[in-house]
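A.B. asks: See start-v4.cif below, with mmCIF, N, CA and C atoms.
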data_target
loop_
_atom_site.label_atom_id
_atom_site.label_comp_id
_atom_site.auth_asym_id
_atom_site.auth_seq_id
_atom_site.Cartn_x
_atom_site.Cartn_y
_atom_site.Cartn_z
N MET A 1 -8.72 0.55 27.04
CA MET A 1 -10.04 0.96 27.49
C MET A 1 -10.99 -0.24 27.36
N THR A 2 -11.96 -0.28 28.24
CA THR A 2 -12.95 -1.35 28.20
C THR A 2 -14.01 -1.05 27.15
N SER A 3 -14.76 -2.07 26.78
CA SER A 3 -15.87 -1.88 25.84
C SER A 3 -16.84 -0.83 26.35
N ASP A 4 -17.17 -0.90 27.64
CA ASP A 4 -18.12 0.07 28.21
C ASP A 4 -17.56 1.49 28.16
N ALA A 5 -16.28 1.66 28.45
CA ALA A 5 -15.67 2.99 28.40
C ALA A 5 -15.68 3.53 26.97
N ASN A 6 -15.39 2.67 26.00
CA ASN A 6 -15.41 3.11 24.60
C ASN A 6 -16.84 3.43 24.15
N ARG A 7 -17.79 2.65 24.59
CA ARG A 7 -19.20 2.93 24.27
C ARG A 7 -19.58 4.30 24.83
N ASN A 8 -19.21 4.56 26.06
CA ASN A 8 -19.50 5.87 26.69
C ASN A 8 -18.79 7.01 25.97
N ALA A 9 -17.57 6.77 25.48
CA ALA A 9 -16.83 7.81 24.75
C ALA A 9 -17.55 8.16 23.44
N VAL A 10 -18.11 7.16 22.77
CA VAL A 10 -18.83 7.42 21.52
C VAL A 10 -20.14 8.15 21.81
N ILE A 11 -20.83 7.77 22.85
CA ILE A 11 -22.06 8.48 23.23
C ILE A 11 -21.75 9.94 23.57
N ALA A 12 -20.66 10.17 24.29
CA ALA A 12 -20.25 11.54 24.61
C ALA A 12 -19.88 12.31 23.33
N ALA A 13 -19.29 11.62 22.37
CA ALA A 13 -18.96 12.27 21.09
C ALA A 13 -20.23 12.72 20.38
N TRP A 14 -21.28 11.90 20.40
CA TRP A 14 -22.55 12.30 19.77
C TRP A 14 -23.12 13.54 20.45
N GLN A 15 -22.96 13.62 21.75
CA GLN A 15 -23.42 14.83 22.46
C GLN A 15 -22.60 16.04 22.02
N ALA A 16 -21.30 15.84 21.81
CA ALA A 16 -20.45 16.93 21.31
C ALA A 16 -20.87 17.33 19.90
N PHE A 17 -21.19 16.34 19.06
CA PHE A 17 -21.63 16.65 17.69
C PHE A 17 -22.87 17.54 17.73
N ALA A 18 -23.81 17.23 18.60
CA ALA A 18 -25.06 17.99 18.70
C ALA A 18 -24.81 19.42 19.14
N SER A 19 -23.74 19.65 19.87
CA SER A 19 -23.43 21.00 20.36
C SER A 19 -22.95 21.93 19.25
N ARG A 20 -22.44 21.36 18.18
CA ARG A 20 -21.83 22.09 17.06
C ARG A 20 -20.69 23.01 17.53
N ASP A 21 -20.06 22.61 18.62
CA ASP A 21 -18.89 23.32 19.16
C ASP A 21 -17.65 22.61 18.63
N ALA A 22 -16.93 23.25 17.69
CA ALA A 22 -15.80 22.61 17.02
C ALA A 22 -14.73 22.13 17.99
N GLY A 23 -14.44 22.89 19.03
CA GLY A 23 -13.44 22.47 20.01
C GLY A 23 -13.86 21.23 20.76
N ARG A 24 -15.10 21.20 21.16
CA ARG A 24 -15.62 20.04 21.89
C ARG A 24 -15.65 18.81 20.98
N ILE A 25 -16.02 19.00 19.71
CA ILE A 25 -16.05 17.89 18.76
C ILE A 25 -14.64 17.36 18.53
N ALA A 26 -13.70 18.25 18.26
CA ALA A 26 -12.32 17.84 17.99
C ALA A 26 -11.73 17.06 19.15
N ALA A 27 -12.11 17.40 20.37
CA ALA A 27 -11.57 16.72 21.55
C ALA A 27 -11.93 15.24 21.62
N ALA A 28 -12.91 14.80 20.84
CA ALA A 28 -13.32 13.40 20.84
C ALA A 28 -12.46 12.53 19.92
N PHE A 29 -11.59 13.17 19.10
CA PHE A 29 -10.84 12.46 18.07
C PHE A 29 -9.34 12.52 18.30
N THR A 30 -8.64 11.51 17.75
CA THR A 30 -7.18 11.57 17.71
C THR A 30 -6.79 12.62 16.68
N ASP A 31 -5.56 13.11 16.76
CA ASP A 31 -5.10 14.14 15.82
C ASP A 31 -5.22 13.69 14.37
N ASP A 32 -4.91 12.41 14.11
CA ASP A 32 -4.90 11.89 12.74
C ASP A 32 -6.16 11.09 12.40
N ALA A 33 -7.24 11.35 13.08
CA ALA A 33 -8.49 10.62 12.86
C ALA A 33 -8.94 10.71 11.40
N GLU A 34 -9.68 9.69 10.99
CA GLU A 34 -10.27 9.67 9.65
C GLU A 34 -11.76 9.37 9.76
N TRP A 35 -12.54 9.98 8.85
CA TRP A 35 -13.98 9.70 8.75
C TRP A 35 -14.25 9.39 7.29
N LEU A 36 -14.70 8.17 7.03
CA LEU A 36 -14.95 7.73 5.67
C LEU A 36 -16.43 7.46 5.46
N ALA A 37 -17.01 8.14 4.48
CA ALA A 37 -18.41 7.92 4.08
C ALA A 37 -18.37 7.45 2.63
N PRO A 38 -19.46 6.88 2.13
CA PRO A 38 -19.46 6.42 0.73
C PRO A 38 -19.14 7.56 -0.24
N GLU A 39 -18.30 7.26 -1.21
CA GLU A 39 -17.95 8.25 -2.23
C GLU A 39 -19.20 8.68 -2.98
N GLY A 40 -19.31 9.97 -3.24
CA GLY A 40 -20.45 10.49 -4.00
C GLY A 40 -21.74 10.56 -3.21
N ASN A 41 -21.68 10.43 -1.88
CA ASN A 41 -22.92 10.51 -1.10
C ASN A 41 -23.49 11.93 -1.19
N ALA A 42 -24.79 12.04 -1.01
CA ALA A 42 -25.49 13.31 -1.24
C ALA A 42 -25.02 14.42 -0.30
N THR A 43 -24.70 14.10 0.93
CA THR A 43 -24.25 15.14 1.87
C THR A 43 -22.93 15.74 1.39
N ALA A 44 -21.99 14.88 0.99
CA ALA A 44 -20.70 15.38 0.50
C ALA A 44 -20.89 16.22 -0.76
N LEU A 45 -21.75 15.78 -1.66
CA LEU A 45 -21.99 16.54 -2.89
C LEU A 45 -22.67 17.87 -2.61
N ALA A 46 -23.70 17.85 -1.77
CA ALA A 46 -24.47 19.07 -1.50
C ALA A 46 -23.66 20.12 -0.75
N THR A 47 -22.74 19.68 0.10
CA THR A 47 -21.93 20.62 0.87
C THR A 47 -20.59 20.92 0.19
N ASN A 48 -20.34 20.23 -0.92
CA ASN A 48 -19.08 20.37 -1.63
C ASN A 48 -17.91 20.08 -0.70
N PHE A 49 -18.08 19.02 0.10
CA PHE A 49 -17.07 18.62 1.08
C PHE A 49 -16.67 17.18 0.76
N THR A 50 -15.55 16.76 1.24
CA THR A 50 -15.06 15.42 0.95
C THR A 50 -15.84 14.34 1.70
N ASN A 51 -15.82 13.16 1.15
CA ASN A 51 -16.40 12.01 1.84
C ASN A 51 -15.36 11.31 2.72
N HIS A 52 -14.10 11.76 2.64
CA HIS A 52 -13.02 11.16 3.43
C HIS A 52 -12.28 12.28 4.15
N MET A 53 -12.73 12.54 5.36
CA MET A 53 -12.12 13.61 6.16
C MET A 53 -10.93 13.05 6.92
N ILE A 54 -9.86 13.83 6.96
CA ILE A 54 -8.64 13.41 7.66
C ILE A 54 -8.24 14.50 8.65
N GLY A 55 -8.06 14.10 9.89
CA GLY A 55 -7.65 15.02 10.94
C GLY A 55 -8.84 15.55 11.73
N LYS A 56 -8.63 15.69 13.03
CA LYS A 56 -9.74 16.09 13.89
C LYS A 56 -10.25 17.49 13.57
N ALA A 57 -9.39 18.39 13.09
CA ALA A 57 -9.84 19.75 12.76
C ALA A 57 -10.81 19.73 11.58
N GLU A 58 -10.50 18.93 10.55
CA GLU A 58 -11.39 18.85 9.39
C GLU A 58 -12.73 18.20 9.76
N ILE A 59 -12.68 17.15 10.55
CA ILE A 59 -13.91 16.49 10.99
C ILE A 59 -14.76 17.45 11.81
N ALA A 60 -14.12 18.14 12.75
CA ALA A 60 -14.86 19.08 13.61
C ALA A 60 -15.46 20.22 12.79
N ARG A 61 -14.73 20.72 11.80
CA ARG A 61 -15.27 21.79 10.95
C ARG A 61 -16.50 21.31 10.18
N PHE A 62 -16.44 20.09 9.66
CA PHE A 62 -17.59 19.57 8.93
C PHE A 62 -18.82 19.50 9.84
N ILE A 63 -18.65 18.90 11.01
CA ILE A 63 -19.80 18.72 11.91
C ILE A 63 -20.29 20.07 12.46
N ALA A 64 -19.37 20.94 12.83
CA ALA A 64 -19.75 22.21 13.46
C ALA A 64 -20.29 23.24 12.46
N VAL A 65 -19.80 23.22 11.22
CA VAL A 65 -20.14 24.28 10.27
C VAL A 65 -20.87 23.76 9.05
N GLU A 66 -20.24 22.88 8.29
CA GLU A 66 -20.78 22.44 7.00
C GLU A 66 -22.09 21.66 7.14
N PHE A 67 -22.18 20.80 8.13
CA PHE A 67 -23.38 19.99 8.35
C PHE A 67 -24.62 20.87 8.49
N GLY A 68 -24.50 21.96 9.22
CA GLY A 68 -25.63 22.86 9.45
C GLY A 68 -26.06 23.64 8.23
N LYS A 69 -25.19 23.75 7.23
CA LYS A 69 -25.57 24.43 5.99
C LYS A 69 -26.59 23.62 5.20
N LEU A 70 -26.55 22.30 5.35
CA LEU A 70 -27.48 21.42 4.64
C LEU A 70 -28.64 21.01 5.53
N PHE A 71 -28.31 20.52 6.72
CA PHE A 71 -29.32 20.08 7.68
C PHE A 71 -29.56 21.25 8.63
N ALA A 72 -30.45 22.14 8.21
CA ALA A 72 -30.58 23.46 8.82
C ALA A 72 -31.26 23.47 10.18
N SER A 73 -32.23 22.61 10.37
CA SER A 73 -32.96 22.66 11.65
C SER A 73 -33.64 21.34 11.93
N GLU A 74 -34.16 21.26 13.13
CA GLU A 74 -34.93 20.08 13.58
C GLU A 74 -34.18 18.77 13.35
N VAL A 75 -32.88 18.78 13.59
CA VAL A 75 -32.10 17.55 13.46
C VAL A 75 -32.39 16.68 14.68
N SER A 76 -32.82 15.46 14.41
CA SER A 76 -33.04 14.53 15.52
C SER A 76 -32.39 13.20 15.19
N ILE A 77 -31.81 12.62 16.20
CA ILE A 77 -31.14 11.33 16.06
C ILE A 77 -31.87 10.34 16.96
N GLU A 78 -32.29 9.23 16.38
CA GLU A 78 -32.92 8.14 17.14
C GLU A 78 -31.94 6.97 17.11
N PHE A 79 -31.37 6.66 18.26
CA PHE A 79 -30.43 5.55 18.34
C PHE A 79 -31.20 4.24 18.39
N LYS A 80 -30.85 3.33 17.50
CA LYS A 80 -31.47 2.01 17.47
C LYS A 80 -30.59 0.99 18.16
N GLY A 81 -29.30 1.30 18.26
CA GLY A 81 -28.38 0.41 18.95
C GLY A 81 -27.00 1.02 19.03
N VAL A 82 -26.32 0.76 20.14
CA VAL A 82 -24.93 1.13 20.33
C VAL A 82 -24.25 -0.11 20.88
N HIS A 83 -23.40 -0.71 20.06
CA HIS A 83 -22.81 -2.01 20.39
C HIS A 83 -21.29 -1.87 20.47
N ALA A 84 -20.72 -2.30 21.57
CA ALA A 84 -19.28 -2.15 21.77
C ALA A 84 -18.62 -3.51 21.98
N ALA A 85 -17.46 -3.66 21.36
CA ALA A 85 -16.60 -4.83 21.56
C ALA A 85 -15.15 -4.35 21.48
N GLY A 86 -14.51 -4.30 22.62
CA GLY A 86 -13.13 -3.82 22.66
C GLY A 86 -13.05 -2.38 22.19
N ASP A 87 -12.18 -2.14 21.21
CA ASP A 87 -11.96 -0.78 20.71
C ASP A 87 -12.89 -0.41 19.55
N MET A 88 -13.92 -1.23 19.30
CA MET A 88 -14.85 -0.96 18.21
C MET A 88 -16.25 -0.73 18.78
N VAL A 89 -16.90 0.33 18.29
CA VAL A 89 -18.27 0.65 18.70
C VAL A 89 -19.09 0.86 17.43
N VAL A 90 -20.22 0.16 17.34
CA VAL A 90 -21.11 0.28 16.18
C VAL A 90 -22.38 0.99 16.63
N VAL A 91 -22.74 2.04 15.89
CA VAL A 91 -23.93 2.82 16.20
C VAL A 91 -24.91 2.69 15.04
N GLU A 92 -26.12 2.24 15.36
CA GLU A 92 -27.21 2.22 14.39
C GLU A 92 -28.16 3.36 14.77
N GLU A 93 -28.52 4.16 13.78
CA GLU A 93 -29.35 5.32 14.09
C GLU A 93 -30.23 5.72 12.91
N ARG A 94 -31.23 6.51 13.22
CA ARG A 94 -32.08 7.14 12.21
C ARG A 94 -31.95 8.64 12.41
N MET A 95 -31.61 9.36 11.33
CA MET A 95 -31.50 10.81 11.40
C MET A 95 -32.63 11.45 10.61
N ARG A 96 -33.27 12.41 11.23
CA ARG A 96 -34.29 13.21 10.58
C ARG A 96 -33.90 14.67 10.72
N ALA A 97 -34.21 15.47 9.70
CA ALA A 97 -33.87 16.89 9.74
C ALA A 97 -34.68 17.64 8.70
N THR A 98 -34.69 18.96 8.87
CA THR A 98 -35.21 19.85 7.85
C THR A 98 -34.02 20.39 7.08
N LEU A 99 -34.07 20.25 5.76
CA LEU A 99 -32.99 20.71 4.90
C LEU A 99 -33.04 22.23 4.75
N ALA A 100 -31.96 22.81 4.33
CA ALA A 100 -31.88 24.26 4.16
C ALA A 100 -32.95 24.78 3.20
N ASP A 101 -33.36 23.96 2.22
CA ASP A 101 -34.40 24.38 1.27
C ASP A 101 -35.81 24.10 1.78
N GLY A 102 -35.92 23.62 3.03
CA GLY A 102 -37.22 23.34 3.62
C GLY A 102 -37.68 21.90 3.46
N GLY A 103 -36.98 21.12 2.66
CA GLY A 103 -37.33 19.72 2.47
C GLY A 103 -37.06 18.89 3.71
N ARG A 104 -37.61 17.70 3.72
CA ARG A 104 -37.42 16.79 4.85
C ARG A 104 -36.38 15.75 4.51
N TYR A 105 -35.60 15.37 5.51
CA TYR A 105 -34.59 14.33 5.38
C TYR A 105 -34.87 13.28 6.43
N ASP A 106 -34.77 12.01 6.04
CA ASP A 106 -35.03 10.89 6.95
C ASP A 106 -34.27 9.68 6.41
N ASN A 107 -33.22 9.27 7.08
CA ASN A 107 -32.41 8.16 6.59
C ASN A 107 -31.82 7.38 7.76
N ASP A 108 -31.57 6.12 7.52
CA ASP A 108 -30.94 5.24 8.50
C ASP A 108 -29.45 5.17 8.23
N TYR A 109 -28.67 5.07 9.30
CA TYR A 109 -27.22 5.04 9.22
C TYR A 109 -26.65 3.93 10.10
N CYS A 110 -25.45 3.51 9.75
CA CYS A 110 -24.64 2.65 10.60
C CYS A 110 -23.24 3.24 10.60
N PHE A 111 -22.70 3.46 11.79
CA PHE A 111 -21.36 4.00 11.96
C PHE A 111 -20.51 2.98 12.70
N VAL A 112 -19.31 2.74 12.21
CA VAL A 112 -18.36 1.87 12.90
C VAL A 112 -17.22 2.77 13.38
N PHE A 113 -17.11 2.89 14.70
CA PHE A 113 -16.08 3.72 15.33
C PHE A 113 -14.95 2.81 15.81
N GLU A 114 -13.72 3.19 15.48
CA GLU A 114 -12.55 2.53 16.03
C GLU A 114 -11.89 3.52 16.97
N LEU A 115 -11.63 3.09 18.21
CA LEU A 115 -11.07 3.99 19.22
C LEU A 115 -9.65 3.59 19.59
N GLU A 116 -8.93 4.58 20.06
CA GLU A 116 -7.57 4.38 20.55
C GLU A 116 -7.40 5.22 21.80
N ASN A 117 -7.16 4.58 22.92
CA ASN A 117 -7.01 5.28 24.20
C ASN A 117 -8.19 6.20 24.50
N GLY A 118 -9.38 5.74 24.19
CA GLY A 118 -10.60 6.49 24.51
C GLY A 118 -10.96 7.58 23.52
N LEU A 119 -10.18 7.73 22.45
CA LEU A 119 -10.47 8.72 21.41
C LEU A 119 -10.80 8.02 20.09
N ILE A 120 -11.62 8.66 19.29
CA ILE A 120 -12.02 8.09 18.00
C ILE A 120 -10.88 8.31 17.01
N ARG A 121 -10.42 7.22 16.39
CA ARG A 121 -9.35 7.35 15.40
C ARG A 121 -9.84 7.07 13.99
N ARG A 122 -10.98 6.41 13.86
CA ARG A 122 -11.51 6.12 12.53
C ARG A 122 -13.01 5.91 12.62
N VAL A 123 -13.74 6.46 11.64
CA VAL A 123 -15.18 6.26 11.54
C VAL A 123 -15.47 5.80 10.12
N ARG A 124 -16.23 4.72 10.01
CA ARG A 124 -16.75 4.28 8.72
C ARG A 124 -18.26 4.48 8.78
N GLU A 125 -18.79 5.23 7.83
CA GLU A 125 -20.20 5.62 7.83
C GLU A 125 -20.90 4.93 6.66
N TYR A 126 -22.07 4.35 6.95
CA TYR A 126 -22.87 3.68 5.92
C TYR A 126 -24.30 4.21 5.99
N MET A 127 -24.90 4.39 4.80
CA MET A 127 -26.29 4.84 4.74
C MET A 127 -26.87 4.43 3.39
N ASP A 128 -28.17 4.62 3.24
CA ASP A 128 -28.84 4.39 1.96
C ASP A 128 -28.54 5.60 1.09
N THR A 129 -27.54 5.49 0.23
CA THR A 129 -27.10 6.64 -0.57
C THR A 129 -28.14 7.05 -1.61
N ALA A 130 -28.84 6.10 -2.19
CA ALA A 130 -29.86 6.45 -3.20
C ALA A 130 -31.00 7.23 -2.55
N LYS A 131 -31.43 6.81 -1.38
CA LYS A 131 -32.50 7.52 -0.67
C LYS A 131 -32.03 8.93 -0.30
N GLY A 132 -30.80 9.06 0.17
CA GLY A 132 -30.26 10.36 0.50
C GLY A 132 -30.26 11.30 -0.70
N HIS A 133 -29.85 10.78 -1.86
CA HIS A 133 -29.86 11.59 -3.08
C HIS A 133 -31.27 12.07 -3.41
N ARG A 134 -32.25 11.19 -3.32
CA ARG A 134 -33.64 11.57 -3.63
C ARG A 134 -34.12 12.67 -2.71
N MET A 135 -33.82 12.57 -1.41
CA MET A 135 -34.31 13.57 -0.46
C MET A 135 -33.59 14.91 -0.62
N ILE A 136 -32.32 14.89 -0.94
CA ILE A 136 -31.56 16.13 -1.04
C ILE A 136 -31.68 16.78 -2.41
N PHE A 137 -31.66 15.97 -3.47
CA PHE A 137 -31.64 16.53 -4.83
C PHE A 137 -32.94 16.33 -5.61
N GLY A 138 -33.84 15.49 -5.12
CA GLY A 138 -35.08 15.23 -5.84
C GLY A 138 -35.00 13.96 -6.68
N GLU A 139 -36.14 13.53 -7.15
CA GLU A 139 -36.24 12.26 -7.90
C GLU A 139 -35.42 12.24 -9.18
N GLY A 140 -35.30 13.34 -9.88
CA GLY A 140 -34.65 13.34 -11.19
C GLY A 140 -33.14 13.43 -11.19
N HIS A 141 -32.54 13.59 -10.02
CA HIS A 141 -31.09 13.77 -9.93
C HIS A 141 -30.39 12.42 -10.03
N ALA A 142 -29.37 12.35 -10.87
CA ALA A 142 -28.59 11.12 -11.00
C ALA A 142 -27.69 10.95 -9.78
N ALA A 143 -27.75 9.77 -9.18
CA ALA A 143 -26.94 9.48 -8.00
C ALA A 143 -25.50 9.23 -8.37
#
Kindly return the structure encoded in the file as structure tokens.
C.D. replies:
Amino acid sequence: MTSDANRNAVIAAWQAFASRDAGRIAAAFTDDAEWLAPEGNATALATNFTNHMIGKAEIARFIAVEFGKLFASEVSIEFKGVHAAGDMVVVEERMRATLADGGRYDNDYCFVFELENGLIRRVREYMDTAKGHRMIFGEGHAA
């Protein structure tokens, strides 16, 4: 696949994520896909879900079901950049949302997508973990 085709596949995957349709989300990934986020990140802790998801069904379940339990409403994604080179696509974004407890969430992310035949086979997710902990758990919570 070309860089442009892979870039378009990742953009289409983000649209699938927003739909919260597990079947549509799973269709963007290889069967053995992996999604790796920093260990102990606030989202994984708050949802009691792993930071290392394996398989398209587990990834789709997290995005379609678990994500919405924490980020309850007004989720908005502002793309700052989508950069593609061969089978790698890097997405820089800012996510804002209202948390289930009514609090506000606002954090910057960087995602590195590795694709295979137009499908996502690996995602590495980076964010400000300390800021995420403060917004989700409050100032006094140990990260």
A.B. asks: Tell me which of A:Asp128, A:Arg122, A:Phe67, A:Glu93 sits closest to Phe79 in chain A, counting all atoms listed in the file.
C.D. replies: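 Counting all atoms listed in the file, the residue closest to Phe79 in chain A is A:Glu93.
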A.B. asks: What are the closest atom pairs, with distances in Å to one decimal, for each residue of range 40-97 of chain A lying within 7 Å of range 12-32 of chain A, using only N, CA and C atoms, rows by chain and rising residue number, as a tab-separated table?
C.D. replies:
residue	atom	partner	partner_atom	distance
A:Ile54	C	A:Asp32	C	5.5
A:Gly55	N	A:Asp32	C	4.4
A:Lys56	N	A:Asp31	C	4.2
A:Ala57	N	A:Ala26	CA	5.7
A:Ile59	C	A:Ala26	N	6.6
A:Ala60	CA	A:Ala26	N	4.9
A:Arg61	N	A:Ala22	CA	5.7
A:Ile63	C	A:Arg20	CA	5.3
A:Ala64	CA	A:Arg20	CA	4.2
A:Val65	N	A:Arg20	CA	6.3
A.B. asks: Rounded to one decimal place, report the CA of Asn8 in chain A-CA of Met95 in chain A distance in Å.
C.D. replies: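 Straight-line distance from CA of Asn8 in chain A to CA of Met95 in chain A works out to 20.1 Å.
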A.B. asks: Can you spell out as number ranges by chain the set of residues that the PyMOL selection byres ((chain A and resi 2) around 7) selects in the structure I just provided?
C.D. replies: A: 1, 3-7, 85-87
A.B. asks: Assuming the chain letters and numbering stay as they are in my file, what does the PyMOL selection byres (((chain A and resi 104 and name CA) around 12) and name CA) actually select? List them as an MDAnalysis selection string.
C.D. replies: chainID A and resid 70:76 95:103 105:107 131:132 134:138
A.B. asks: Return as a ChimeraX atom specification the full set of residues in chain A whose backbone-based DSSP assignment is alpha helix (DSSP H).
C.D. replies: /A:3-19,22-26,42-47,56-61,67-70,129-137
A.B. asks: Using only N, CA and C atoms, can you tell me which of A:Glu125, A:Arg94, A:Glu66, A:Gly40 comes closest to Gly81 in chain A?
C.D. replies: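 Going through A:Glu125, A:Arg94, A:Glu66, A:Gly40 one by one, the smallest distance to Gly81 in chain A is for A:Arg94.
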A.B. asks: Point out the residue among A:His52, A:Ala33, A:Lys80, A:Ala44 with the least atom-to-atom distance to Ile120 in chain A, counting all atoms listed in the file.
C.D. replies: A:Ala33
A.B. asks: Counting only N, CA and C atoms, which of A:Val91, A:Ile11, A:Thr43, A:Trp35 gets nearest to Thr129 in chain A?
C.D. replies: A:Thr43
A.B. asks: Would you compute the distance between atom C of Glu139 in chain A and atom C of Phe49 in chain A? Give it in Å to one decimal.
C.D. replies: 21.8 Å
A.B. asks: Going by DSSP on the backbone, which residues of chain A come out as strand (DSSP E)? List them as a ChimeraX atom specification.
C.D. replies: /A:29-36,52-54,71-85,88-99,104-116,119-127
A.B. asks: Within 7 Å of (-13.7, 10.6, 5.7) in the file's own coordinates, which protein, DNA or RNA residues have an atom, counting all atoms listed in the file? List them as a ChimeraX atom specification.
C.D. replies: /A:34-37,50-54,123
A.B. asks: Rounded to one decimal in Å, what is the spacing between CA of Cys110 in chain A and CA of Arg124 in chain A?
C.D. replies: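 About the pair CA of Cys110 in chain A and CA of Arg124 in chain A: they are 8.3 Å apart.
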A.B. asks: Which residues, written as a short mmCIF file (atom, residue, chain, number, x, y, z; two decimals) with N, CA and C atoms, in the frame of the given file, have at least one atom at most 6.5 Å from Val82 in chain A, with all atoms listed in the file counted and residues fewer than 4 positions away on the same chain left out?
C.D. replies:
data_model
loop_
_atom_site.label_atom_id
_atom_site.label_comp_id
_atom_site.auth_asym_id
_atom_site.auth_seq_id
_atom_site.Cartn_x
_atom_site.Cartn_y
_atom_site.Cartn_z
N VAL A 89 -16.90 0.33 18.29
CA VAL A 89 -18.27 0.65 18.70
C VAL A 89 -19.09 0.86 17.43
N VAL A 90 -20.22 0.16 17.34
CA VAL A 90 -21.11 0.28 16.18
C VAL A 90 -22.38 0.99 16.63
N VAL A 91 -22.74 2.04 15.89
CA VAL A 91 -23.93 2.82 16.20
C VAL A 91 -24.91 2.69 15.04
N GLU A 92 -26.12 2.24 15.36
CA GLU A 92 -27.21 2.22 14.39
C GLU A 92 -28.16 3.36 14.77
#
A.B. asks: Dump C-alpha atoms of range 10-34 of chain A from the given block, as an mmCIF file, in the first residue's frame.
C.D. replies:
data_model
loop_
_atom_site.group_PDB
_atom_site.id
_atom_site.type_symbol
_atom_site.label_atom_id
_atom_site.label_comp_id
_atom_site.auth_asym_id
_atom_site.auth_seq_id
_atom_site.Cartn_x
_atom_site.Cartn_y
_atom_site.Cartn_z
ATOM 1 C CA VAL A 10 -6.003 5.463 9.426
ATOM 2 C CA ILE A 11 -8.339 8.422 8.876
ATOM 3 C CA ALA A 12 -11.144 5.966 8.046
ATOM 4 C CA ALA A 13 -10.299 4.036 11.228
ATOM 5 C CA TRP A 14 -10.760 7.220 13.297
ATOM 6 C CA GLN A 15 -14.176 7.646 11.714
ATOM 7 C CA ALA A 16 -14.980 4.048 12.691
ATOM 8 C CA PHE A 17 -13.782 4.735 16.256
ATOM 9 C CA ALA A 18 -16.179 7.694 16.492
ATOM 10 C CA SER A 19 -19.083 5.470 15.424
ATOM 11 C CA ARG A 20 -18.561 3.167 18.432
ATOM 12 C CA ASP A 21 -19.671 0.323 16.148
ATOM 13 C CA ALA A 22 -17.549 -2.674 17.226
ATOM 14 C CA GLY A 23 -17.854 -4.434 13.855
ATOM 15 C CA ARG A 24 -16.814 -1.372 11.922
ATOM 16 C CA ILE A 25 -13.906 -0.751 14.323
ATOM 17 C CA ALA A 26 -12.689 -4.356 14.164
ATOM 18 C CA ALA A 27 -12.694 -4.221 10.354
ATOM 19 C CA ALA A 28 -9.858 -1.649 10.482
ATOM 20 C CA PHE A 29 -7.466 -4.094 12.220
ATOM 21 C CA THR A 30 -5.637 -7.316 11.450
ATOM 22 C CA ASP A 31 -6.822 -10.329 13.454
ATOM 23 C CA ASP A 32 -3.690 -10.258 15.641
ATOM 24 C CA ALA A 33 -3.452 -6.473 15.999
ATOM 25 C CA GLU A 34 -1.941 -4.959 19.127
#
